[in-house]
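Chemist: Got a structure here, written out as structure tokens. Questions coming.
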Amino acid sequence: AVRSIASGARLATAALGTRGSGSDSGYGRLLAAVDPAMSKLSHSVLEYKRHIVESKLCYKNTIKRGRARPHVCREGFTWDGGDRCLPGFDRGAECWMPCGKKAGHCPGFCGPDRVCCRRGYSKDAAECKGAVGFI
């Protein structure tokens, strides 16, 4: 990260037309201004890491787990025997967000034979006309 900042500073001062690499150049003045802040940042990060190592507290650690297909679904949903929990046939489900805020066929959430519709919305897709089972 520090190398990236130094490289960016070099490019920025070159774009401004300052020449040279000594302390009188624009690059030298810029680094002289940024160096104390970078030093303080580096010190803070190292101190934080040291505290984590020496601490007796738990810190969040992300663990990647293998994906498992569902076999038990939440209330109102039924397992399709594969990899999805679909809304039960006797009731609707909140589908607007999972279906990308679009009305109509949404087999990824609703299943192959159902559609996502908004109750009483006149601009819904044609397949929503006469739909029942809203939540």
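Ordering of the structure tokens sets the chain letters (A, B, ...); residue numbers start at 1 within each chain; ligands are numbered from 1 in the order shown.
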Taking 2 positions as the minimum chain separation for residues in the same chain, which residues sit within 12 Å of segment 108-117 of chain A when counting only C-alpha atoms? Answer as a PyMOL selection string.
Modeler: chain A and resi 77-80+82-106+119-135
Chemist: Give me, as a ChimeraX atom specification, the residues of segment 42-135 of chain A that a backbone DSSP run labels strand (DSSP E).
Modeler: /A:77-79,85-87,104-105,115-116
Chemist: Using only C-alpha atoms, find the one residue out of A:Ala33, A:Met38, A:Val45, A:Val53 that sits nearest to Arg3 of chain A.
Modeler: A:Met38
Chemist: How far is it from atom CA of Thr13 of chain A to atom CA of Pro36 of chain A, in Å with one decimal?
Modeler: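 Distance between the two atoms: 18.7 Å.
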